[in-house]
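> For reference, this is run.tsv, and it has TSV, C-alpha atoms and all ligand atoms.
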```tsv
chain	number	residue	atom	x	y	z
A	26	MET	CA	65.71	15.61	-8.03
A	27	HIS	CA	66.52	16.79	-4.48
A	28	SER	CA	69.97	18.28	-4.16
A	29	ASP	CA	70.57	16.37	-0.93
A	30	ASN	CA	69.59	13.11	-2.50
A	31	PHE	CA	71.50	10.72	-0.30
A	32	TRP	CA	70.35	7.64	-2.22
A	33	HIS	CA	72.55	8.51	-5.16
A	34	GLN	CA	75.53	9.31	-2.94
A	35	ILE	CA	75.92	5.90	-1.31
A	36	GLU	CA	78.39	3.57	-2.90
A	37	LYS	CA	76.72	0.56	-4.56
A	38	PRO	CA	75.52	-1.98	-3.76
A	39	VAL	CA	73.46	-0.25	-1.09
A	40	PHE	CA	72.29	-2.44	1.79
A	41	THR	CA	69.05	-1.62	3.60
A	42	LEU	CA	67.19	-3.11	6.55
A	43	ALA	CA	63.60	-3.77	5.44
A	44	PRO	CA	60.56	-2.18	7.02
A	45	MET	CA	59.00	-4.83	9.26
A	46	GLU	CA	55.96	-4.26	11.44
A	47	ASP	CA	56.57	-4.95	15.13
A	48	VAL	CA	60.22	-5.62	14.28
A	49	THR	CA	62.02	-2.54	13.01
A	50	ASP	CA	60.97	-0.13	15.75
A	51	THR	CA	63.51	2.35	17.12
A	52	VAL	CA	64.66	-0.26	19.65
A	53	PHE	CA	65.55	-3.05	17.24
A	54	ARG	CA	67.02	-0.62	14.73
A	55	GLU	CA	69.36	0.66	17.44
A	56	ILE	CA	70.33	-2.90	18.39
A	57	VAL	CA	71.11	-3.78	14.76
A	58	LEU	CA	72.92	-0.50	14.17
A	59	GLY	CA	75.07	-1.11	17.23
A	60	VAL	CA	76.45	-4.40	15.89
A	61	SER	CA	76.69	-3.51	12.19
A	62	ASP	CA	79.57	-2.26	10.09
A	63	PRO	CA	78.33	1.07	8.62
A	64	SER	CA	80.02	0.17	5.36
A	65	CYS	CA	77.67	-2.87	5.12
A	66	LEU	CA	74.41	-1.23	6.27
A	67	HIS	CA	73.45	2.07	4.73
A	68	VAL	CA	69.75	2.72	5.30
A	69	LEU	CA	67.15	1.65	7.88
A	70	PHE	CA	63.40	1.68	7.24
A	71	SER	CA	60.75	2.27	9.90
A	72	GLU	CA	57.72	0.04	10.32
A	73	PHE	CA	54.92	1.07	7.97
A	74	MET	CA	52.64	3.75	9.35
A	75	SER	CA	49.11	4.53	8.23
A	76	THR	CA	48.68	8.00	6.73
A	77	HIS	CA	45.01	7.75	7.64
A	78	GLY	CA	45.91	7.19	11.28
A	79	PHE	CA	48.65	9.82	11.29
A	80	VAL	CA	46.45	12.70	10.14
A	81	HIS	CA	43.59	11.73	12.44
A	82	ALA	CA	43.37	13.75	15.64
A	83	ILE	CA	42.68	10.70	17.80
A	84	GLY	CA	44.43	8.08	15.66
A	85	GLY	CA	47.64	10.09	15.36
A	86	PRO	CA	49.14	9.35	18.76
A	87	ARG	CA	48.26	5.68	18.31
A	88	VAL	CA	50.40	5.26	15.19
A	89	LYS	CA	53.23	7.72	15.78
A	90	HIS	CA	55.26	5.20	17.76
A	91	ARG	CA	55.95	3.58	14.39
A	92	ILE	CA	58.12	6.52	13.39
A	93	GLN	CA	59.60	7.20	16.82
A	94	ILE	CA	63.38	7.67	16.90
A	95	ASN	CA	64.91	7.43	20.38
A	96	ASP	CA	67.68	9.88	21.25
A	97	SER	CA	70.09	6.96	21.58
A	98	GLU	CA	69.24	5.69	18.08
A	99	TRP	CA	69.52	9.23	16.76
A	100	GLU	CA	73.04	9.59	18.21
A	101	LEU	CA	74.09	6.33	16.63
A	102	LEU	CA	72.66	7.37	13.26
A	103	LYS	CA	74.64	10.59	13.38
A	104	LYS	CA	77.80	8.80	14.51
A	105	THR	CA	77.66	6.11	11.83
A	106	GLY	CA	76.17	8.17	8.99
A	107	VAL	CA	73.52	5.49	8.41
A	108	LYS	CA	70.31	6.99	6.98
A	109	ILE	CA	66.72	6.45	8.06
A	110	VAL	CA	63.56	6.34	5.97
A	111	ALA	CA	59.93	6.49	7.17
A	112	GLN	CA	57.59	4.09	5.42
A	113	ILE	CA	53.95	5.12	5.04
A	114	TRP	CA	50.83	3.58	3.55
A	115	GLY	CA	47.27	4.57	2.76
A	116	THR	CA	44.74	5.25	0.03
A	117	ASP	CA	44.24	9.01	-0.05
A	118	PRO	CA	46.76	11.25	-1.84
A	119	ASP	CA	45.89	14.23	0.42
A	120	LYS	CA	46.65	12.24	3.54
A	121	PHE	CA	49.94	11.10	2.02
A	122	ALA	CA	50.76	14.73	1.31
A	123	GLN	CA	49.96	15.85	4.84
A	124	THR	CA	51.93	13.00	6.39
A	125	ALA	CA	54.92	13.52	4.10
A	126	ARG	CA	54.93	17.26	4.78
A	127	GLU	CA	54.92	16.79	8.55
A	128	ILE	CA	57.55	14.06	8.53
A	129	SER	CA	59.91	15.97	6.30
A	130	GLU	CA	59.38	19.23	8.19
A	131	GLU	CA	60.30	17.51	11.43
A	132	GLY	CA	63.68	16.94	9.85
A	133	LYS	CA	64.55	13.55	11.33
A	134	PHE	CA	63.93	11.21	8.41
A	135	ASP	CA	66.21	11.28	5.38
A	136	GLY	CA	63.55	9.87	3.07
A	137	ILE	CA	59.96	8.72	2.75
A	138	ASP	CA	58.98	5.36	1.31
A	139	ILE	CA	55.52	4.43	0.05
A	140	ASN	CA	54.36	0.90	0.77
A	141	MET	CA	52.85	-0.68	-2.35
A	142	GLY	CA	53.71	-4.23	-1.40
A	143	CYS	CA	52.09	-5.41	1.83
A	144	PRO	CA	49.68	-8.28	1.01
A	145	VAL	CA	47.86	-8.49	4.37
A	146	ARG	CA	44.17	-9.00	3.62
A	147	LYS	CA	42.77	-6.45	6.05
A	148	ILE	CA	44.90	-3.73	4.42
A	149	VAL	CA	44.38	-4.85	0.84
A	150	LYS	CA	40.61	-4.77	1.45
A	151	GLN	CA	40.90	-1.09	2.26
A	152	GLY	CA	42.71	-0.52	-1.06
A	153	GLY	CA	46.13	0.13	0.47
A	154	CYS	CA	49.65	-1.21	-0.11
A	155	SER	CA	49.82	-4.03	-2.69
A	156	ALA	CA	46.21	-3.31	-3.74
A	157	LEU	CA	47.61	-0.22	-5.46
A	158	ILE	CA	49.24	-2.51	-8.04
A	159	GLY	CA	45.69	-2.99	-9.31
A	160	MET	CA	44.92	0.74	-9.17
A	161	PRO	CA	47.80	2.32	-11.07
A	162	GLU	CA	46.12	5.69	-11.55
A	163	LEU	CA	45.66	6.11	-7.80
A	164	ALA	CA	49.20	4.83	-7.21
A	165	LYS	CA	50.52	7.58	-9.47
A	166	GLU	CA	48.44	10.26	-7.74
A	167	ILE	CA	49.76	9.10	-4.39
A	168	ILE	CA	53.38	9.25	-5.55
A	169	TYR	CA	52.96	12.70	-7.08
A	170	ALA	CA	51.20	14.08	-3.99
A	171	THR	CA	53.91	12.69	-1.71
A	172	GLN	CA	56.73	13.99	-3.89
A	173	GLU	CA	55.21	17.43	-4.02
A	174	ALA	CA	54.71	17.68	-0.27
A	175	SER	CA	58.02	16.19	0.75
A	176	SER	CA	61.38	17.91	1.06
A	177	VAL	CA	63.17	14.56	1.26
A	178	PRO	CA	63.46	11.93	-1.52
A	179	VAL	CA	60.47	9.65	-2.07
A	180	SER	CA	60.86	5.95	-2.84
A	181	VAL	CA	58.42	3.07	-3.43
A	182	LYS	CA	58.52	-0.52	-2.21
A	183	THR	CA	56.43	-2.99	-4.18
A	184	ARG	CA	55.92	-6.48	-5.56
A	185	ILE	CA	55.89	-7.88	-9.11
A	186	GLY	CA	52.12	-8.35	-9.45
A	187	LEU	CA	48.85	-9.27	-7.79
A	188	LYS	CA	47.59	-12.65	-9.02
A	189	LYS	CA	50.10	-12.90	-11.86
A	190	VAL	CA	53.49	-11.45	-12.62
A	191	VAL	CA	53.26	-8.06	-14.38
A	192	THR	CA	56.72	-6.70	-13.62
A	193	GLU	CA	57.35	-4.71	-16.77
A	194	GLU	CA	53.90	-3.20	-17.02
A	195	TRP	CA	53.76	-2.21	-13.36
A	196	ILE	CA	57.35	-1.08	-12.85
A	197	GLY	CA	57.25	0.74	-16.20
A	198	TYR	CA	54.25	2.63	-14.91
A	199	LEU	CA	55.94	3.50	-11.61
A	200	LEU	CA	59.10	4.64	-13.39
A	201	GLU	CA	57.08	7.31	-15.18
A	202	THR	CA	56.65	9.04	-11.80
A	203	ASN	CA	60.42	9.20	-11.20
A	204	PRO	CA	60.69	7.88	-7.66
A	205	VAL	CA	64.27	8.05	-6.45
A	206	LEU	CA	64.21	4.32	-5.74
A	207	ILE	CA	61.95	1.32	-6.29
A	208	THR	CA	62.61	-1.63	-4.01
A	209	ILE	CA	61.20	-4.75	-5.62
A	210	HIS	CA	60.21	-7.74	-3.55
A	211	GLY	CA	60.24	-10.51	-6.15
A	212	ARG	CA	56.89	-12.06	-5.22
A	213	ILE	CA	53.31	-11.42	-6.27
A	214	GLN	CA	50.63	-10.41	-3.77
A	215	LYS	CA	48.99	-13.83	-3.89
A	216	GLN	CA	52.18	-15.53	-2.75
A	217	GLN	CA	52.32	-13.62	0.55
A	218	SER	CA	55.70	-14.94	1.79
A	219	GLU	CA	55.36	-18.36	0.11
A	220	GLY	CA	57.71	-19.82	-2.47
A	221	LEU	CA	60.88	-18.09	-3.53
A	222	ALA	CA	61.37	-14.50	-4.63
A	223	ASP	CA	61.87	-14.31	-8.40
A	224	TRP	CA	65.08	-12.37	-8.91
A	225	ASP	CA	64.92	-12.79	-12.70
A	226	GLU	CA	61.89	-10.50	-12.59
A	227	VAL	CA	63.85	-7.99	-10.53
A	228	ALA	CA	66.56	-8.07	-13.22
A	229	LYS	CA	63.88	-7.45	-15.88
A	230	ALA	CA	62.90	-4.28	-14.03
A	231	VAL	CA	66.52	-3.13	-14.05
A	232	ALA	CA	66.75	-3.72	-17.82
A	233	LEU	CA	63.50	-1.82	-18.33
A	234	ARG	CA	64.78	1.08	-16.22
A	235	ASP	CA	67.95	1.19	-18.35
A	236	SER	CA	66.02	1.07	-21.60
A	237	MET	CA	63.87	3.99	-20.42
A	238	GLY	CA	66.97	6.02	-19.51
A	239	SER	CA	65.51	6.54	-16.03
A	240	SER	CA	67.71	7.57	-13.07
A	241	THR	CA	65.50	5.68	-10.58
A	242	LEU	CA	67.50	3.22	-8.52
A	243	ILE	CA	66.31	-0.39	-8.31
A	244	HIS	CA	66.90	-2.50	-5.22
A	245	GLY	CA	66.07	-6.19	-4.98
A	246	ASN	CA	64.44	-7.88	-2.01
A	247	GLY	CA	63.61	-11.43	-1.06
A	248	ASP	CA	65.28	-14.39	0.66
A	249	VAL	CA	68.79	-12.98	1.03
A	250	MET	CA	70.34	-14.84	3.93
A	251	SER	CA	73.85	-13.40	4.23
A	252	TYR	CA	75.78	-10.26	3.38
A	253	GLN	CA	77.91	-12.26	0.94
A	254	GLU	CA	74.81	-13.58	-0.79
A	255	GLY	CA	73.59	-10.00	-1.05
A	256	LEU	CA	76.80	-8.96	-2.79
A	257	GLU	CA	76.49	-11.88	-5.20
A	258	LYS	CA	72.84	-11.15	-5.96
A	259	ALA	CA	73.57	-7.46	-6.58
A	260	LYS	CA	76.13	-8.47	-9.17
A	261	GLU	CA	74.15	-11.27	-10.77
A	262	TYR	CA	70.91	-9.32	-11.12
A	263	ASN	CA	72.51	-5.93	-11.69
A	264	VAL	CA	70.57	-4.15	-8.93
A	265	ASP	CA	71.75	-0.96	-7.20
A	266	GLY	CA	71.05	-2.35	-3.77
A	267	ILE	CA	69.72	-5.15	-1.62
A	268	MET	CA	67.04	-5.03	1.06
A	269	ILE	CA	67.27	-7.48	3.95
A	270	GLY	CA	64.19	-8.59	5.86
A	271	ARG	CA	64.06	-11.95	7.57
A	272	GLY	CA	67.79	-12.53	7.19
A	273	ILE	CA	68.25	-10.40	10.29
A	274	PHE	CA	66.26	-12.95	12.33
A	275	HIS	CA	68.91	-15.54	11.58
A	276	ASN	CA	71.80	-13.28	12.38
A	277	PRO	CA	71.64	-9.89	14.13
A	278	TRP	CA	75.27	-9.39	13.01
A	279	PHE	CA	74.14	-9.79	9.40
A	280	PHE	CA	75.57	-6.46	8.24
A	281	ASN	CA	79.24	-7.30	8.57
A	282	LYS	CA	81.81	-8.40	5.99
A	283	GLU	CA	82.89	-11.53	7.81
A	284	ILE	CA	80.72	-14.17	9.40
A	285	ILE	CA	82.15	-14.46	12.90
A	286	GLU	CA	81.11	-17.15	15.36
A	287	ARG	CA	79.35	-15.27	18.18
A	288	SER	CA	79.72	-16.60	21.71
A	289	PRO	CA	76.68	-17.36	23.89
A	290	GLU	CA	77.75	-14.41	26.09
A	291	GLU	CA	77.67	-12.01	23.16
A	292	ARG	CA	74.27	-13.28	22.06
A	293	LEU	CA	72.75	-13.15	25.53
A	294	ASN	CA	74.21	-9.73	26.27
A	295	LEU	CA	72.53	-8.46	23.13
A	296	LEU	CA	69.26	-10.11	24.18
A	297	TRP	CA	69.53	-8.30	27.50
A	298	LYS	CA	70.33	-4.97	25.88
A	299	HIS	CA	67.31	-5.40	23.60
A	300	SER	CA	64.99	-6.34	26.50
A	301	HIS	CA	66.20	-3.42	28.60
A	302	LEU	CA	65.85	-0.89	25.78
A	303	PHE	CA	62.44	-2.28	24.77
A	304	THR	CA	61.15	-1.87	28.33
A	305	SER	CA	62.63	1.57	28.92
A	306	THR	CA	61.26	2.78	25.57
A	307	TRP	CA	57.77	1.32	25.52
A	308	ARG	CA	57.06	0.71	29.24
A	309	THR	CA	53.60	-0.84	29.16
A	310	SER	CA	52.47	0.69	25.87
A	311	LYS	CA	53.60	-2.38	23.92
A	312	SER	CA	52.97	-5.98	24.85
A	313	PHE	CA	55.94	-7.89	26.25
A	314	ASN	CA	54.99	-10.67	23.82
A	315	ILE	CA	56.29	-8.53	20.95
A	316	LEU	CA	59.73	-8.64	22.57
A	317	LYS	CA	59.50	-12.39	23.18
A	318	ARG	CA	59.31	-13.01	19.44
A	319	PHE	CA	62.90	-11.80	19.24
A	320	PHE	CA	64.29	-14.22	21.80
A	321	LYS	CA	64.90	-16.92	19.21
A	322	ILE	CA	67.26	-14.61	17.33
A	323	TYR	CA	69.64	-14.55	20.28
A	324	THR	CA	69.14	-18.08	21.59
A	325	SER	CA	70.18	-20.08	18.56
A	326	ASP	CA	73.34	-21.73	17.31
A	327	PHE	CA	74.96	-22.60	20.61
A	328	TYR	CA	74.85	-25.55	22.98
A	329	GLY	CA	71.94	-25.29	25.43
A	330	ALA	CA	70.29	-22.42	23.54
A	331	ALA	CA	66.92	-24.17	23.24
A	332	GLN	CA	66.68	-24.72	27.02
A	333	ILE	CA	67.51	-21.10	27.72
A	334	ARG	CA	64.95	-20.01	25.15
A	335	ALA	CA	62.28	-22.19	26.76
A	336	LYS	CA	62.92	-20.50	30.13
A	337	LEU	CA	62.88	-17.04	28.56
A	338	MET	CA	59.57	-17.78	26.85
A	339	GLU	CA	58.03	-18.18	30.33
A	340	THR	CA	58.94	-14.62	31.32
A	341	ASN	CA	56.62	-11.65	31.39
A	342	SER	CA	58.89	-8.73	32.22
A	343	MET	CA	62.42	-7.44	31.91
A	344	GLU	CA	63.00	-8.29	35.58
A	345	GLU	CA	62.06	-11.90	34.94
A	346	VAL	CA	64.40	-12.01	31.95
A	347	LYS	CA	67.18	-10.75	34.21
A	348	ILE	CA	66.54	-13.50	36.75
A	349	VAL	CA	66.77	-16.18	34.03
A	350	LEU	CA	70.01	-14.70	32.70
A	351	GLU	CA	71.55	-14.28	36.18
A	352	ASN	CA	70.99	-17.94	36.87
A	353	LEU	CA	72.94	-19.14	33.85
A	354	ASP	CA	76.57	-20.22	33.95
A	355	TYR	CA	77.70	-17.25	31.91
A	356	GLU	CA	79.41	-14.02	32.90
A	357	LEU	CA	76.98	-11.49	31.45
A	358	ASP	CA	76.90	-7.72	31.40
A	359	LEU	CA	73.49	-7.09	32.93
A	360	LEU	CA	73.46	-3.31	33.45
A	401	LIG	C1	57.33	-9.55	10.41
A	401	LIG	C2	57.35	-8.83	9.10
A	401	LIG	C3	56.80	-7.56	9.01
A	401	LIG	C4	56.82	-6.87	7.78
A	401	LIG	N1	56.33	-5.58	7.73
A	401	LIG	C5	56.49	-4.85	6.58
A	401	LIG	C6	56.18	-3.46	6.53
A	401	LIG	O1	55.79	-2.84	7.53
A	401	LIG	N2	56.36	-2.81	5.34
A	401	LIG	C7	56.82	-3.46	4.21
A	401	LIG	O2	56.98	-2.82	3.15
A	401	LIG	N3	57.12	-4.77	4.24
A	401	LIG	C8	57.00	-5.46	5.39
A	401	LIG	N4	57.41	-6.77	5.42
A	401	LIG	C9	58.02	-7.38	4.21
A	401	LIG	C10	59.55	-7.21	4.25
A	401	LIG	O3	59.91	-5.84	4.25
A	401	LIG	C11	60.21	-7.91	3.05
A	401	LIG	O4	59.75	-7.32	1.86
A	401	LIG	C12	59.90	-9.40	3.01
A	401	LIG	O5	60.07	-9.99	4.30
A	401	LIG	C13	60.82	-10.13	1.99
A	401	LIG	O6	62.17	-9.95	2.30
A	401	LIG	P1	63.03	-11.09	3.06
A	401	LIG	O7	62.89	-12.34	2.28
A	401	LIG	O8	64.43	-10.53	3.10
A	401	LIG	O9	62.41	-11.22	4.42
A	401	LIG	C14	57.37	-7.49	6.62
A	401	LIG	C15	57.90	-8.78	6.73
A	401	LIG	C16	57.91	-9.44	7.95
A	401	LIG	C17	58.52	-10.82	8.01
```
Please re-express this file's structure in structure tokens.
Ligand SMILES: Cc1cc2nc3c(=O)[nH]c(=O)nc-3n(C[C@H](O)[C@H](O)[C@H](O)COP(=O)(O)O)c2cc1C


Amino acid sequence: MHSDNFWHQIEKPVFTLAPMEDVTDTVFREIVLGVSDPSCLHVLFSEFMSTHGFVHAIGGPRVKHRIQINDSEWELLKKTGVKIVAQIWGTDPDKFAQTAREISEEGKFDGIDINMGCPVRKIVKQGGCSALIGMPELAKEIIYATQEASSVPVSVKTRIGLKKVVTEEWIGYLLETNPVLITIHGRIQKQQSEGLADWDEVAKAVALRDSMGSSTLIHGNGDVMSYQEGLEKAKEYNVDGIMIGRGIFHNPWFFNKEIIERSPEERLNLLWKHSHLFTSTWRTSKSFNILKRFFKIYTSDFYGAAQIRAKLMETNSMEEVKIVLENLDYELDLL
């Protein structure tokens, strides 16, 4: 085990922000970090990044934005002590090794996570992510190659099966490789995001881990909608931590002990900060439509929110967002 293994040093239950493509880029992570209580949010995950793309001379620059950390996010990470993990995916152990070596040598990420859960067809067809549940030998090779090449702890994020639930068989297999952490999303591949996550299966994995005498941490993931619910689930299902994905869409202030009513001004100021940071970070390299998907997060739960959202959905630039916000009857902080 790595001597600087931060995962074991955080007080339980550990709360993490899930890796989410086109969501948890450096910009959104900084926004979330800025409004979170560091005692309620311990680790952030990057979007998943292809190891195939990363090691490719031409593809590299096209995927590296997924593990970009802005200086302003970096400062906040250092100030709060919140950790950051790069998530990677692929099919070739050598490419995992090369990617893990470069990421850990750069010294910015505290950990590396292997995606063995994404069910998106185009990726599964290539044999990556959740497809590895059906190729356990390759999954093991990938974990070993990544562990060997990496100077930071290696974790795995996965599901409980492909077409049927195989929690004990699959997690038992993964535990043999000693990852520092397995985050278990309590759905099978076939379910995509349908139905409810099965937390009883997550608890089975915890019991299995205990019976094997393994030191691997187990975190649960799926459908947690508030910090309080996360605390309850950690207790009920005996997990070491909780990963939050879509819960953050319902409340950017998710990672706080109390649920506080946020004023429209607070929400819209955060929307502005996000828009401004998105534009200054990505300029024209990312479509403005990616940012627009976030607008609903900030324009909910107050009177008139839907009308404001409708106007914002018509915009195509940060400047146009500013005009909409300036014309509202709120005193906003538009830097
Ligand atoms: C928009 C979106 C993008 C996602 N991208 C990733 C990803 O890059 N890597 C990954 O492991 N899971 C990804 N996921 C899955 C989430 O990390 C999480 O496992 C899933 O949403 C279930 O948790 P939740 O119910 O708290 O949202 C994504 C989910 C969403 C909604």

> Just checking: using only C-alpha atoms and all ligand atoms, which residue out of A:Glu351, A:Glu286, A:Asp235, A:Asp223 ends up closest to ligand LIG 401 (chain A)?

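That would be A:Asp223, the residue with the smallest distance to ligand LIG 401 (chain A).
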
> Which residues are near ligand LIG 401 (chain A) - at most 6 Å, using only C-alpha atoms and all ligand atoms? Format: as a ChimeraX atom specification.

/A:43-46,72-73,140,142-143,210,246-249,269-272

> Taking 6 positions as the minimum chain separation for residues in the same chain, which residues sit within 12 Å of A:Phe70 when counting all atoms listed in the file? Answer as a ChimeraX atom specification.

/A:40-46,48-51,53-55,58,91-94,107-113,134-140,180-182,208,268-270

> Quick one, how far is atom CA of A:Phe327 from atom CA of A:Leu357?

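Taking atom CA of A:Phe327 as the start and atom CA of A:Leu357 as the end point, the length is 15.7 Å.
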
> In Å, with one decimal, what is the gap from atom CA of A:His301 to atom CA of A:Glu344?

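These atoms are spaced 9.1 Å apart.
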
> For each of A:Arg292, A:Lys229, A:Arg146, A:His275, take the minimum atom-to-atom distance to A:Lys215, counting all atoms listed in the file, then give the residue where this is smallest.

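Ranked by minimum distance to A:Lys215, first place goes to A:Arg146.
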
> Skip stretch 252-263 of chain A itself and residues of its chain fewer than 5 positions away, then list as a PDB file with C-alpha atoms, keeping the file's coordinate frame all residues within 8 Å of it, counting only C-alpha atoms.


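Writing the result to out.pdb gives the following:
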```pdb
ATOM      1  CA  PRO A  38      75.520  -1.980  -3.760  1.00  0.00           C
ATOM      2  CA  CYS A  65      77.670  -2.870   5.120  1.00  0.00           C
ATOM      3  CA  TRP A 224      65.080 -12.370  -8.910  1.00  0.00           C
ATOM      4  CA  ASP A 225      64.920 -12.790 -12.700  1.00  0.00           C
ATOM      5  CA  VAL A 227      63.850  -7.990 -10.530  1.00  0.00           C
ATOM      6  CA  ALA A 228      66.560  -8.070 -13.220  1.00  0.00           C
ATOM      7  CA  VAL A 231      66.520  -3.130 -14.050  1.00  0.00           C
ATOM      8  CA  GLY A 245      66.070  -6.190  -4.980  1.00  0.00           C
ATOM      9  CA  PHE A 279      74.140  -9.790   9.400  1.00  0.00           C
ATOM     10  CA  PHE A 280      75.570  -6.460   8.240  1.00  0.00           C
ATOM     11  CA  ASN A 281      79.240  -7.300   8.570  1.00  0.00           C
ATOM     12  CA  LYS A 282      81.810  -8.400   5.990  1.00  0.00           C
TER      13      LYS A 282
END
```

> Could you jot down the atom CA of A:Ile243 to atom CA of A:Glu193 separation for me, Å, one decimal place?

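Between atom CA of A:Ile243 and atom CA of A:Glu193 the gap is 13.1 Å.
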
> For the point (56.4, 10.3, -4.9) in file coordinates, what residues are within 10 Å, counting only C-alpha atoms? Give the answer as a list of chain:residue names?

A:Phe121, A:Ala122, A:Ala125, A:Ile137, A:Asp138, A:Ile139, A:Ala164, A:Lys165, A:Glu166, A:Ile167, A:Ile168, A:Tyr169, A:Ala170, A:Thr171, A:Gln172, A:Glu173, A:Ala174, A:Ser175, A:Pro178, A:Val179, A:Ser180, A:Val181, A:Leu199, A:Thr202, A:Asn203, A:Pro204, A:Val205, A:Leu206

> List the neighbours of A:Glu201 out to 12 Å using all atoms listed in the file; skip same-chain residues closer than 6 positions along the sequence, and give me the result as a ChimeraX atom specification.

/A:161-162,164-166,168-169,194-195,207,233-234,237-241

> Return the single residue from A:Thr304, A:Gln123, A:Asn276, A:Ser288 that is closest to A:Lys321, with distances computed using all atoms listed in the file.

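Distance minimum relative to A:Lys321 lands on A:Asn276.
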
> Could you pull out every residue with an atom within 9 Å of (70.6, -5.5, 18.2), file coordinates, counting all atoms listed in the file, and send them as a list of chain:residue names?

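Selection result: A:Val52, A:Phe53, A:Arg54, A:Glu55, A:Ile56, A:Val57, A:Leu58, A:Gly59, A:Val60, A:Ser61, A:Pro277, A:Trp278, A:Leu295, A:Leu296, A:Lys298, A:His299.
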
> Taking only C-alpha atoms into account, which of A:Thr192, A:Val145, A:Gly115, A:Ile213 comes nearest A:Leu157?

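Looking only at the distances to A:Leu157, the closest residue turns out to be A:Gly115.
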
> Show which residues sit within 8 Å of A:Phe79, as a PyMOL selection string. Count all atoms listed in the file, and ignore same-chain residues fewer than 5 positions away.

chain A and resi 74+84-86+88-89+124

> Using C-alpha atoms, can you export the residues from the last selection as an mmCIF file, keeping the file's coordinate frame?


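Resulting contents of part.cif:
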```
data_model
loop_
_atom_site.group_PDB
_atom_site.id
_atom_site.type_symbol
_atom_site.label_atom_id
_atom_site.label_comp_id
_atom_site.auth_asym_id
_atom_site.auth_seq_id
_atom_site.Cartn_x
_atom_site.Cartn_y
_atom_site.Cartn_z
ATOM 1 C CA MET A 74 52.640 3.750 9.350
ATOM 2 C CA GLY A 84 44.430 8.080 15.660
ATOM 3 C CA GLY A 85 47.640 10.090 15.360
ATOM 4 C CA PRO A 86 49.140 9.350 18.760
ATOM 5 C CA VAL A 88 50.400 5.260 15.190
ATOM 6 C CA LYS A 89 53.230 7.720 15.780
ATOM 7 C CA THR A 124 51.930 13.000 6.390
#
```
